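This is work22.cif (mmCIF, C-alpha atoms and all ligand atoms).
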```
data_my_file
#
loop_
_atom_site.group_PDB
_atom_site.id
_atom_site.type_symbol
_atom_site.label_atom_id
_atom_site.label_comp_id
_atom_site.auth_asym_id
_atom_site.auth_seq_id
_atom_site.Cartn_x
_atom_site.Cartn_y
_atom_site.Cartn_z
ATOM 1 C CA MET A 1 137.797 46.023 58.825
ATOM 2 C CA SER A 2 137.322 44.667 55.335
ATOM 3 C CA ASN A 3 135.045 46.428 52.877
ATOM 4 C CA ALA A 4 131.618 44.895 52.435
ATOM 5 C CA VAL A 5 130.900 44.089 48.789
ATOM 6 C CA SER A 6 127.597 42.897 47.309
ATOM 7 C CA ALA A 7 127.413 39.659 45.336
ATOM 8 C CA LEU A 8 127.831 41.186 41.877
ATOM 9 C CA ASN A 9 129.101 44.623 42.855
ATOM 10 C CA GLY A 10 126.398 46.476 40.952
ATOM 11 C CA GLN A 11 126.680 44.566 37.674
ATOM 12 C CA GLU A 12 124.312 45.811 34.995
ATOM 13 C CA ALA A 13 123.006 44.484 31.667
ATOM 14 C CA LYS A 14 121.399 47.370 29.784
ATOM 15 C CA GLY A 15 118.734 46.823 27.172
ATOM 16 C CA ASP A 16 115.010 47.170 26.487
ATOM 17 C CA VAL A 17 114.760 45.441 29.818
ATOM 18 C CA THR A 18 117.641 46.337 32.089
ATOM 19 C CA VAL A 19 118.914 43.925 34.710
ATOM 20 C CA ARG A 20 120.945 45.453 37.500
ATOM 21 C CA GLU A 21 122.302 44.124 40.765
ATOM 22 C CA LEU A 22 121.342 46.633 43.426
ATOM 23 C CA GLY A 23 124.525 46.629 45.469
ATOM 24 C CA LEU A 24 124.706 46.538 49.241
ATOM 25 C CA THR A 25 121.210 46.411 50.690
ATOM 26 C CA GLY A 26 120.081 45.657 54.215
ATOM 27 C CA MET A 27 117.837 42.608 54.590
ATOM 28 C CA ILE A 28 116.417 41.220 57.814
ATOM 29 C CA THR A 29 114.499 37.988 58.192
ATOM 30 C CA LEU A 30 111.862 38.518 60.868
ATOM 31 C CA ARG A 31 109.815 35.597 62.148
ATOM 32 C CA GLY A 32 107.115 35.600 64.767
ATOM 33 C CA ASP A 33 103.395 35.464 65.427
ATOM 34 C CA PHE A 34 101.720 38.141 63.262
ATOM 35 C CA GLU A 35 98.624 37.980 65.488
ATOM 36 C CA ASP A 36 100.608 38.880 68.583
ATOM 37 C CA GLU A 37 100.090 42.583 69.292
ATOM 38 C CA ASN A 38 103.676 42.921 70.555
ATOM 39 C CA PHE A 39 104.892 41.798 67.170
ATOM 40 C CA GLY A 40 102.772 44.299 65.232
ATOM 41 C CA ALA A 41 103.666 47.080 67.656
ATOM 42 C CA ALA A 42 107.407 46.368 67.398
ATOM 43 C CA LEU A 43 107.210 46.231 63.620
ATOM 44 C CA SER A 44 105.384 49.541 63.262
ATOM 45 C CA GLN A 45 107.487 51.255 65.921
ATOM 46 C CA ILE A 46 110.756 50.196 64.263
ATOM 47 C CA THR A 47 109.875 50.334 60.560
ATOM 48 C CA GLY A 48 106.763 52.517 60.434
ATOM 49 C CA ALA A 49 105.024 49.762 58.479
ATOM 50 C CA GLY A 50 102.282 47.337 59.462
ATOM 51 C CA VAL A 51 102.175 43.615 58.703
ATOM 52 C CA PRO A 52 101.637 43.327 54.937
ATOM 53 C CA ASP A 53 98.774 41.342 53.408
ATOM 54 C CA VAL A 54 99.455 37.801 52.232
ATOM 55 C CA ARG A 55 101.962 37.894 49.330
ATOM 56 C CA HIS A 56 102.201 41.687 49.416
ATOM 57 C CA PHE A 57 104.625 44.292 50.689
ATOM 58 C CA VAL A 58 104.339 47.694 52.352
ATOM 59 C CA GLN A 59 106.766 50.570 52.131
ATOM 60 C CA ALA A 60 107.398 53.172 54.821
ATOM 61 C CA GLY A 61 110.266 55.590 54.360
ATOM 62 C CA ASP A 62 113.536 53.674 54.222
ATOM 63 C CA PHE A 63 111.824 50.382 55.022
ATOM 64 C CA THR A 64 110.064 47.828 52.845
ATOM 65 C CA VAL A 65 108.356 44.938 54.637
ATOM 66 C CA LEU A 66 107.540 41.879 52.547
ATOM 67 C CA TRP A 67 105.291 38.918 53.365
ATOM 68 C CA MET A 68 107.314 35.713 53.035
ATOM 69 C CA SER A 69 105.127 33.109 54.790
ATOM 70 C CA PRO A 70 102.454 33.060 57.533
ATOM 71 C CA ASP A 71 105.183 33.558 60.129
ATOM 72 C CA GLU A 72 108.002 35.229 58.210
ATOM 73 C CA LEU A 73 108.640 38.736 56.912
ATOM 74 C CA LEU A 74 111.574 40.250 55.088
ATOM 75 C CA VAL A 75 112.569 43.786 56.034
ATOM 76 C CA ILE A 76 114.567 45.661 53.403
ATOM 77 C CA LEU A 77 116.414 48.748 54.558
ATOM 78 C CA PRO A 78 119.654 50.687 54.071
ATOM 79 C CA TYR A 79 122.651 48.383 54.517
ATOM 80 C CA GLU A 80 124.204 50.362 57.358
ATOM 81 C CA LYS A 81 120.978 50.311 59.383
ATOM 82 C CA ALA A 82 120.632 46.500 59.442
ATOM 83 C CA ALA A 83 122.631 45.722 62.586
ATOM 84 C CA GLU A 84 121.007 48.410 64.731
ATOM 85 C CA THR A 85 117.543 47.419 63.453
ATOM 86 C CA VAL A 86 118.104 43.761 64.400
ATOM 87 C CA ALA A 87 119.154 44.989 67.845
ATOM 88 C CA ALA A 88 115.969 47.061 68.038
ATOM 89 C CA PHE A 89 113.821 44.002 67.203
ATOM 90 C CA ASP A 90 115.745 41.931 69.754
ATOM 91 C CA ALA A 91 115.007 44.522 72.436
ATOM 92 C CA ALA A 92 111.369 45.112 71.483
ATOM 93 C CA LEU A 93 110.441 41.430 71.154
ATOM 94 C CA LYS A 94 112.468 40.080 74.090
ATOM 95 C CA GLY A 95 110.575 37.345 75.907
ATOM 96 C CA THR A 96 108.353 36.452 72.937
ATOM 97 C CA HIS A 97 108.867 33.665 70.408
ATOM 98 C CA PHE A 98 110.528 35.434 67.484
ATOM 99 C CA LEU A 99 113.619 35.566 65.295
ATOM 100 C CA ALA A 100 115.389 38.558 63.733
ATOM 101 C CA VAL A 101 118.475 37.868 61.642
ATOM 102 C CA ASN A 102 120.600 40.115 59.471
ATOM 103 C CA VAL A 103 120.771 38.300 56.118
ATOM 104 C CA SER A 104 122.087 41.284 54.105
ATOM 105 C CA ASP A 105 125.309 39.538 53.094
ATOM 106 C CA ALA A 106 123.623 36.180 52.467
ATOM 107 C CA ARG A 107 121.326 37.425 49.729
ATOM 108 C CA ALA A 108 121.500 39.338 46.481
ATOM 109 C CA LEU A 109 118.988 41.828 45.144
ATOM 110 C CA ILE A 110 118.477 42.378 41.413
ATOM 111 C CA SER A 111 116.304 44.945 39.639
ATOM 112 C CA ILE A 112 114.489 44.109 36.387
ATOM 113 C CA SER A 113 113.035 47.147 34.642
ATOM 114 C CA GLY A 114 111.700 47.897 31.191
ATOM 115 C CA ASP A 115 108.508 47.483 29.230
ATOM 116 C CA PHE A 116 108.447 43.668 29.064
ATOM 117 C CA ALA A 117 110.083 43.004 32.448
ATOM 118 C CA ASN A 118 107.116 40.771 33.323
ATOM 119 C CA GLU A 119 107.932 38.533 30.345
ATOM 120 C CA VAL A 120 111.563 38.292 31.373
ATOM 121 C CA LEU A 121 110.344 36.741 34.645
ATOM 122 C CA ALA A 122 107.511 34.741 33.059
ATOM 123 C CA LYS A 123 110.021 32.834 30.955
ATOM 124 C CA LEU A 124 111.852 31.697 34.087
ATOM 125 C CA SER A 125 109.177 31.104 36.746
ATOM 126 C CA PRO A 126 105.924 29.113 36.987
ATOM 127 C CA VAL A 127 103.978 32.272 37.815
ATOM 128 C CA ASP A 128 101.173 34.023 35.927
ATOM 129 C CA MET A 129 102.854 37.325 35.097
ATOM 130 C CA SER A 130 100.075 38.827 32.988
ATOM 131 C CA ALA A 131 99.577 42.511 33.763
ATOM 132 C CA ASP A 132 96.178 42.032 35.414
ATOM 133 C CA ARG A 133 97.258 39.076 37.572
ATOM 134 C CA PHE A 134 100.607 40.164 39.001
ATOM 135 C CA THR A 135 100.300 43.789 40.019
ATOM 136 C CA ALA A 136 102.302 46.426 41.899
ATOM 137 C CA GLY A 137 102.579 45.616 45.592
ATOM 138 C CA MET A 138 102.572 41.842 45.101
ATOM 139 C CA VAL A 139 105.309 39.469 46.235
ATOM 140 C CA ARG A 140 105.930 35.954 44.980
ATOM 141 C CA ARG A 141 108.313 33.377 46.372
ATOM 142 C CA THR A 142 108.970 30.823 43.673
ATOM 143 C CA ARG A 143 111.823 29.439 41.634
ATOM 144 C CA LEU A 144 113.841 31.108 38.904
ATOM 145 C CA ALA A 145 114.729 28.195 36.603
ATOM 146 C CA GLN A 146 116.647 25.982 39.032
ATOM 147 C CA VAL A 147 117.048 28.206 42.091
ATOM 148 C CA ALA A 148 114.737 29.595 44.760
ATOM 149 C CA ALA A 149 113.914 33.293 44.402
ATOM 150 C CA ALA A 150 111.393 35.894 45.455
ATOM 151 C CA PHE A 151 110.325 38.896 43.421
ATOM 152 C CA TRP A 152 107.944 41.772 43.826
ATOM 153 C CA MET A 153 106.523 44.505 41.616
ATOM 154 C CA LEU A 154 107.183 48.131 42.517
ATOM 155 C CA PRO A 155 104.758 51.011 41.869
ATOM 156 C CA ASP A 156 106.789 52.073 38.793
ATOM 157 C CA GLY A 157 106.230 48.676 37.149
ATOM 158 C CA SER A 158 109.760 47.381 37.657
ATOM 159 C CA TYR A 159 110.572 44.272 39.673
ATOM 160 C CA ASN A 160 113.067 43.540 42.402
ATOM 161 C CA LEU A 161 114.250 39.972 42.813
ATOM 162 C CA MET A 162 115.995 38.401 45.780
ATOM 163 C CA CYS A 163 118.021 35.201 45.691
ATOM 164 C CA PHE A 164 120.777 33.581 47.697
ATOM 165 C CA ARG A 165 124.138 35.245 47.248
ATOM 166 C CA SER A 166 125.711 31.966 46.132
ATOM 167 C CA VAL A 167 123.423 31.835 43.060
ATOM 168 C CA ALA A 168 123.446 35.567 42.245
ATOM 169 C CA ASP A 169 125.647 35.111 39.189
ATOM 170 C CA TYR A 170 123.390 32.308 37.896
ATOM 171 C CA ALA A 171 120.247 34.414 38.495
ATOM 172 C CA PHE A 172 121.801 37.451 36.822
ATOM 173 C CA GLY A 173 122.788 35.309 33.820
ATOM 174 C CA LEU A 174 119.257 33.912 33.519
ATOM 175 C CA LEU A 175 117.611 37.318 33.737
ATOM 176 C CA SER A 176 119.963 39.083 31.362
ATOM 177 C CA THR A 177 119.720 36.244 28.819
ATOM 178 C CA SER A 178 115.924 36.278 29.087
ATOM 179 C CA ALA A 179 115.937 40.066 28.620
ATOM 180 C CA LYS A 180 118.324 39.927 25.661
ATOM 181 C CA ALA A 181 116.209 37.241 23.930
ATOM 182 C CA GLY A 182 113.490 39.860 23.690
ATOM 183 C CA LYS A 183 109.738 40.093 23.919
ATOM 184 C CA VAL A 184 107.615 37.052 23.231
ATOM 185 C CA GLY A 185 104.340 38.946 23.277
ATOM 186 C CA ALA A 186 102.377 36.011 24.706
ATOM 187 C CA ILE A 187 101.227 37.832 27.842
ATOM 188 C CA MET B 1 101.132 18.461 35.567
ATOM 189 C CA LEU B 2 99.868 18.471 39.129
ATOM 190 C CA ILE B 3 98.642 21.819 40.498
ATOM 191 C CA LEU B 4 97.920 22.093 44.228
ATOM 192 C CA HIS B 5 96.484 24.997 46.191
ATOM 193 C CA CYS B 6 98.755 25.950 49.084
ATOM 194 C CA PRO B 7 96.487 26.626 52.100
ATOM 195 C CA TYR B 8 99.103 28.946 53.650
ATOM 196 C CA CYS B 9 99.972 31.425 50.906
ATOM 197 C CA GLY B 10 97.011 30.834 48.576
ATOM 198 C CA VAL B 11 99.131 30.094 45.516
ATOM 199 C CA TYR B 12 98.001 27.452 43.012
ATOM 200 C CA ALA B 13 101.435 25.936 42.836
ATOM 201 C CA GLU B 14 102.500 23.679 40.022
ATOM 202 C CA GLU B 15 104.564 20.596 40.655
ATOM 203 C CA THR B 16 107.973 22.220 40.233
ATOM 204 C CA GLU B 17 107.328 24.485 43.242
ATOM 205 C CA LEU B 18 106.369 21.506 45.396
ATOM 206 C CA HIS B 19 108.117 18.689 47.183
ATOM 207 C CA ALA B 20 106.320 15.429 47.943
ATOM 208 C CA GLY B 21 106.514 14.234 51.536
ATOM 209 C CA GLY B 22 104.794 10.835 51.541
ATOM 210 C CA GLU B 23 101.807 9.582 53.497
ATOM 211 C CA ALA B 24 99.830 11.989 55.681
ATOM 212 C CA HIS B 25 98.409 11.498 59.182
ATOM 213 C CA LEU B 26 101.143 9.201 60.467
ATOM 214 C CA LYS B 27 101.080 8.831 64.214
ATOM 215 C CA ARG B 28 104.493 8.822 65.794
ATOM 216 C CA ALA B 29 105.305 5.748 67.910
ATOM 217 C CA THR B 30 106.811 6.715 71.220
ATOM 218 C CA ILE B 31 108.446 5.500 74.418
ATOM 219 C CA GLY B 32 106.755 2.366 75.717
ATOM 220 C CA ASP B 33 105.174 1.399 72.378
ATOM 221 C CA SER B 34 105.616 -2.117 71.013
ATOM 222 C CA ASP B 35 108.103 -3.136 68.333
ATOM 223 C CA GLU B 36 105.117 -3.643 66.023
ATOM 224 C CA ALA B 37 103.964 -0.054 66.600
ATOM 225 C CA PHE B 38 107.445 1.230 65.772
ATOM 226 C CA GLU B 39 107.609 -0.973 62.689
ATOM 227 C CA GLU B 40 104.242 0.417 61.581
ATOM 228 C CA TYR B 41 105.333 3.999 62.175
ATOM 229 C CA LEU B 42 108.775 3.727 60.620
ATOM 230 C CA PHE B 43 108.231 1.458 57.647
ATOM 231 C CA MET B 44 104.633 0.602 56.783
ATOM 232 C CA ARG B 45 103.077 2.945 54.232
ATOM 233 C CA GLU B 46 99.969 3.071 52.123
ATOM 234 C CA ASN B 47 100.762 2.654 48.440
ATOM 235 C CA LYS B 48 97.455 3.408 46.823
ATOM 236 C CA LYS B 49 96.377 3.270 43.250
ATOM 237 C CA GLY B 50 93.491 5.602 43.881
ATOM 238 C CA VAL B 51 92.617 7.998 46.689
ATOM 239 C CA HIS B 52 95.661 8.874 48.748
ATOM 240 C CA LEU B 53 96.285 11.350 51.567
ATOM 241 C CA GLU B 54 99.722 12.894 51.271
ATOM 242 C CA ARG B 55 102.062 15.502 52.692
ATOM 243 C CA TRP B 56 103.416 18.145 50.349
ATOM 244 C CA ARG B 57 105.711 21.074 50.946
ATOM 245 C CA HIS B 58 105.512 24.399 49.121
ATOM 246 C CA ALA B 59 109.303 24.222 48.874
ATOM 247 C CA ASN B 60 109.869 26.862 46.192
ATOM 248 C CA GLY B 61 107.330 29.134 47.809
ATOM 249 C CA CYS B 62 106.212 29.893 51.339
ATOM 250 C CA GLY B 63 108.039 26.825 52.613
ATOM 251 C CA LYS B 64 105.097 25.347 54.526
ATOM 252 C CA TRP B 65 103.972 21.721 54.712
ATOM 253 C CA PHE B 66 100.346 20.996 53.877
ATOM 254 C CA LEU B 67 98.197 17.934 53.257
ATOM 255 C CA CYS B 68 96.456 16.832 50.094
ATOM 256 C CA ALA B 69 93.797 14.330 49.070
ATOM 257 C CA ARG B 70 94.182 13.173 45.496
ATOM 258 C CA ASP B 71 93.838 10.186 43.230
ATOM 259 C CA THR B 72 97.248 8.738 42.349
ATOM 260 C CA ALA B 73 95.903 7.178 39.163
ATOM 261 C CA THR B 74 93.847 10.019 37.672
ATOM 262 C CA LEU B 75 95.615 12.928 39.448
ATOM 263 C CA GLU B 76 92.185 14.279 40.451
ATOM 264 C CA VAL B 77 92.655 16.527 43.485
ATOM 265 C CA TYR B 78 89.905 16.438 46.134
ATOM 266 C CA GLY B 79 91.427 19.252 48.140
ATOM 267 C CA THR B 80 94.336 20.471 50.219
ATOM 268 C CA TYR B 81 94.294 21.373 53.904
ATOM 269 C CA PRO B 82 96.630 22.610 56.647
ATOM 270 C CA ALA B 83 99.120 20.222 58.207
ATOM 271 C CA GLN B 84 97.801 20.954 61.709
ATOM 272 C CA THR B 85 95.035 18.369 61.337
ATOM 273 C CA THR B 86 95.118 14.802 62.614
ATOM 274 C CA GLU B 87 92.544 13.482 60.153
ATOM 275 C CA PRO B 88 91.036 14.622 56.851
ATOM 276 C CA PRO B 89 88.467 17.428 57.410
ATOM 277 C CA ALA B 90 84.773 16.801 56.707
ATOM 278 C CA ASP B 91 84.685 18.731 53.393
ATOM 279 C CA ILE B 92 87.595 16.699 52.037
ATOM 280 C CA VAL B 93 85.980 13.418 53.132
ATOM 281 C CA ALA B 94 82.715 14.546 51.497
ATOM 282 C CA ALA B 95 84.479 15.402 48.218
ATOM 283 C CA ILE B 96 86.141 11.993 48.126
ATOM 284 C CA THR B 97 83.018 10.086 49.196
ATOM 285 C CA ALA B 98 80.980 11.791 46.449
ATOM 286 C CA LYS B 99 83.250 10.113 43.891
ATOM 287 C CA HIS B 100 84.009 6.937 45.859
ATOM 288 C CA PRO B 101 80.999 5.931 47.997
ATOM 289 C CA GLY B 102 82.039 3.972 51.081
ATOM 290 C CA TRP B 103 85.605 5.244 50.914
ATOM 291 C CA SER B 104 87.620 5.033 54.128
ATOM 292 C CA TRP B 105 91.184 5.804 55.200
ATOM 293 C CA LYS B 106 92.797 3.209 57.461
ATOM 294 C CA GLU B 107 90.935 3.296 60.794
ATOM 295 C CA LYS B 108 89.463 6.753 60.088
ATOM 296 C CA ALA B 109 86.064 7.149 58.504
HETATM 297 ZN ZN ZN A 201 102.570 28.335 49.994
#
```

Using the file provided, produce a representation of the structure as structure tokens.
Ligand SMILES: [Zn+2]
Amino acid sequence: MSNAVSALNGQEAKGDVTVRELGLTGMITLRGDFEDENFGAALSQITGAGVPDVRHFVQAGDFTVLWMSPDELLVILPYEKAAETVAAFDAALKGTHFLAVNVSDARALISISGDFANEVLAKLSPVDMSADRFTAGMVRRTRLAQVAAAFWMLPDGSYNLMCFRSVADYAFGLLSTSAKAGKVGAI
Amino acid sequence: MLILHCPYCGVYAEETELHAGGEAHLKRATIGDSDEAFEEYLFMRENKKGVHLERWRHANGCGKWFLCARDTATLEVYGTYPAQTTEPPADIVAAITAKHPGWSWKEKA
């Protein structure tokens, strides 16, 4: 079997704000009816997390569950657990209207950390990134310059960003250029 | 710059996150309908200078379609509402009527 490799193989651009591709990470798209008690029960039984609030995420052990839309979640987990976790969702939700797909190799995950990480994103997305508006625990699906992306703020103040694998190099270039250009100080 | 509130994820999305989807509240012609009904459904569209009801998609966002009442000339937005509605809700109609007394949308009040 061939070796799995992430989009940018852990590429890093160090600086006042460091941009780093996070390597192989498990990602599962989970769609269904959040109101259905089977759905909530399966989610908490398998991940230990409940359904997150609108545009927020919850963390439980190895699992992070992110709100993507009114009927879509993203489950982030260790890469090697993705296949068995999809199988667990398939078994737990059998007979209901749902979808669980392993998208680990279709996406890329990039970390943005440092004291003006919010500005690095603000320069690239139409999102209010001021410290009191975008806070830890929040998720935003938006665009990063010309490509679709989602990012969220972790408790330590850094951000993780997800994009399609095919545009990972473009997204990394944008973020590292924005970081290198420095702090604007406008927000 | 047009900014619309997405009723699904709550974001006040600016134009570059959105994709326009044309006229709202179209009724699909179906088996047994006349040629005229199909022509109406497939080709005939409102092209207002003024109050218009439109479909929009939060494309670079939650991905959902929603509906919007706005003025195509002034860009004033009267409100947005979920796509699972067959006619503009009462609060939207009231907001439009307050500015445009006697306003009506096709056969709907
Ligand atoms: Zn939305």

Using only C-alpha atoms, which protein or nucleic acid residues come within 12 Å of Met68 (chain A)? Drop anything in the same chain fewer than 6 positions from it, and give the result as a compact mmCIF listing (two decimals) with C-alpha atoms, in the frame of the given file.
```txt
# COMPACT_ATOMS: atom_id res chain seq x y z
CA ILE A 28 116.42 41.22 57.81
CA THR A 29 114.50 37.99 58.19
CA LEU A 30 111.86 38.52 60.87
CA ARG A 31 109.82 35.60 62.15
CA GLY A 32 107.12 35.60 64.77
CA PHE A 34 101.72 38.14 63.26
CA VAL A 51 102.18 43.62 58.70
CA PRO A 52 101.64 43.33 54.94
CA ASP A 53 98.77 41.34 53.41
CA VAL A 54 99.46 37.80 52.23
CA ARG A 55 101.96 37.89 49.33
CA HIS A 56 102.20 41.69 49.42
CA PHE A 57 104.62 44.29 50.69
CA LEU A 74 111.57 40.25 55.09
CA VAL A 75 112.57 43.79 56.03
CA MET A 138 102.57 41.84 45.10
CA VAL A 139 105.31 39.47 46.24
CA ARG A 140 105.93 35.95 44.98
CA ARG A 141 108.31 33.38 46.37
CA THR A 142 108.97 30.82 43.67
CA ALA A 149 113.91 33.29 44.40
CA ALA A 150 111.39 35.89 45.46
CA PHE A 151 110.32 38.90 43.42
CA TRP A 152 107.94 41.77 43.83
CA MET A 162 116.00 38.40 45.78
CA TYR B 8 99.10 28.95 53.65
CA CYS B 9 99.97 31.42 50.91
CA ASN B 60 109.87 26.86 46.19
CA GLY B 61 107.33 29.13 47.81
CA CYS B 62 106.21 29.89 51.34
CA GLY B 63 108.04 26.82 52.61
CA LYS B 64 105.10 25.35 54.53
```

Practice problem: Could you jot down the CA of Leu175 (chain A) to CA of Trp56 (chain B) separation for me, Å, one decimal place? | Solution: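 Computing the Euclidean distance for CA of Leu175 (chain A) and CA of Trp56 (chain B) yields 29.1 Å.
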
Exercise. Rank B:Leu75, B:Leu26, B:Leu53, B:Val11 by their smallest atom-to-atom distance to ligand ZN 201 (chain A), using all atoms listed in the file, and report the top residue only.
Key: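 For ligand ZN 201 (chain A), the nearest of the given residues is B:Val11.
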
Self-check item: Shell of 7 Å around region 143-148 of chain A, all atoms listed in the file, local chain residues under 3 positions omitted, as number ranges by chain
Solution: A: 124-125, 163; B: 17, 60

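Rounded to one decimal, CA of Thr74 (chain B) and CA of Pro7 (chain B) lie 22.2 Å from each other.
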
Spatial neighbours of region 5-11 of chain A, 12 Å, only C-alpha atoms, chain gap at least 3 places, as a PDB file with C-alpha atoms, keeping the file's coordinate frame:
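And here's around_7.pdb as it stands now:
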```pdb
ATOM      1  CA  SER A   2     137.322  44.667  55.335  1.00  0.00           C
ATOM      2  CA  LYS A  14     121.399  47.370  29.784  1.00  0.00           C
ATOM      3  CA  THR A  18     117.641  46.337  32.089  1.00  0.00           C
ATOM      4  CA  VAL A  19     118.914  43.925  34.710  1.00  0.00           C
ATOM      5  CA  ARG A  20     120.945  45.453  37.500  1.00  0.00           C
ATOM      6  CA  GLU A  21     122.302  44.124  40.765  1.00  0.00           C
ATOM      7  CA  LEU A  22     121.342  46.633  43.426  1.00  0.00           C
ATOM      8  CA  GLY A  23     124.525  46.629  45.469  1.00  0.00           C
ATOM      9  CA  LEU A  24     124.706  46.538  49.241  1.00  0.00           C
ATOM     10  CA  THR A  25     121.210  46.411  50.690  1.00  0.00           C
ATOM     11  CA  GLY A  26     120.081  45.657  54.215  1.00  0.00           C
ATOM     12  CA  TYR A  79     122.651  48.383  54.517  1.00  0.00           C
ATOM     13  CA  SER A 104     122.087  41.284  54.105  1.00  0.00           C
ATOM     14  CA  ASP A 105     125.309  39.538  53.094  1.00  0.00           C
ATOM     15  CA  ALA A 106     123.623  36.180  52.467  1.00  0.00           C
ATOM     16  CA  ARG A 107     121.326  37.425  49.729  1.00  0.00           C
ATOM     17  CA  ALA A 108     121.500  39.338  46.481  1.00  0.00           C
ATOM     18  CA  LEU A 109     118.988  41.828  45.144  1.00  0.00           C
ATOM     19  CA  ILE A 110     118.477  42.378  41.413  1.00  0.00           C
ATOM     20  CA  SER A 111     116.304  44.945  39.639  1.00  0.00           C
ATOM     21  CA  MET A 162     115.995  38.401  45.780  1.00  0.00           C
ATOM     22  CA  CYS A 163     118.021  35.201  45.691  1.00  0.00           C
ATOM     23  CA  PHE A 164     120.777  33.581  47.697  1.00  0.00           C
ATOM     24  CA  ARG A 165     124.138  35.245  47.248  1.00  0.00           C
ATOM     25  CA  SER A 166     125.711  31.966  46.132  1.00  0.00           C
ATOM     26  CA  VAL A 167     123.423  31.835  43.060  1.00  0.00           C
ATOM     27  CA  ALA A 168     123.446  35.567  42.245  1.00  0.00           C
ATOM     28  CA  ASP A 169     125.647  35.111  39.189  1.00  0.00           C
ATOM     29  CA  TYR A 170     123.390  32.308  37.896  1.00  0.00           C
ATOM     30  CA  ALA A 171     120.247  34.414  38.495  1.00  0.00           C
ATOM     31  CA  PHE A 172     121.801  37.451  36.822  1.00  0.00           C
ATOM     32  CA  GLY A 173     122.788  35.309  33.820  1.00  0.00           C
ATOM     33  CA  SER A 176     119.963  39.083  31.362  1.00  0.00           C
TER      34      SER A 176
END
```

Quiz item: Could you state the separation of CA of Pro82 (chain B) and CA of Ser69 (chain A) in Å, given to one decimal place?
Solution: 13.6 Å

Quiz item: Closest to chain A among B:Ala59, B:Leu67, B:Leu2, B:Ala24, using all atoms listed in the file?
Solution: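 Between B:Ala59, B:Leu67, B:Leu2, B:Ala24, the residue approaching chain A most closely is B:Ala59.
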
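On the file presented, the PyMOL selection byres (((chain A and resi 43) around 10) and not hetatm) picks out Leu30, Phe34, Glu37, Asn38, Phe39, Gly40, Ala41, Ala42, Ser44, Gln45, Ile46, Thr47, Gly48, Ala49, Gly50, Val51, Val65, Val75, Ala88, Phe89, Ala92 and Leu93 of chain A.
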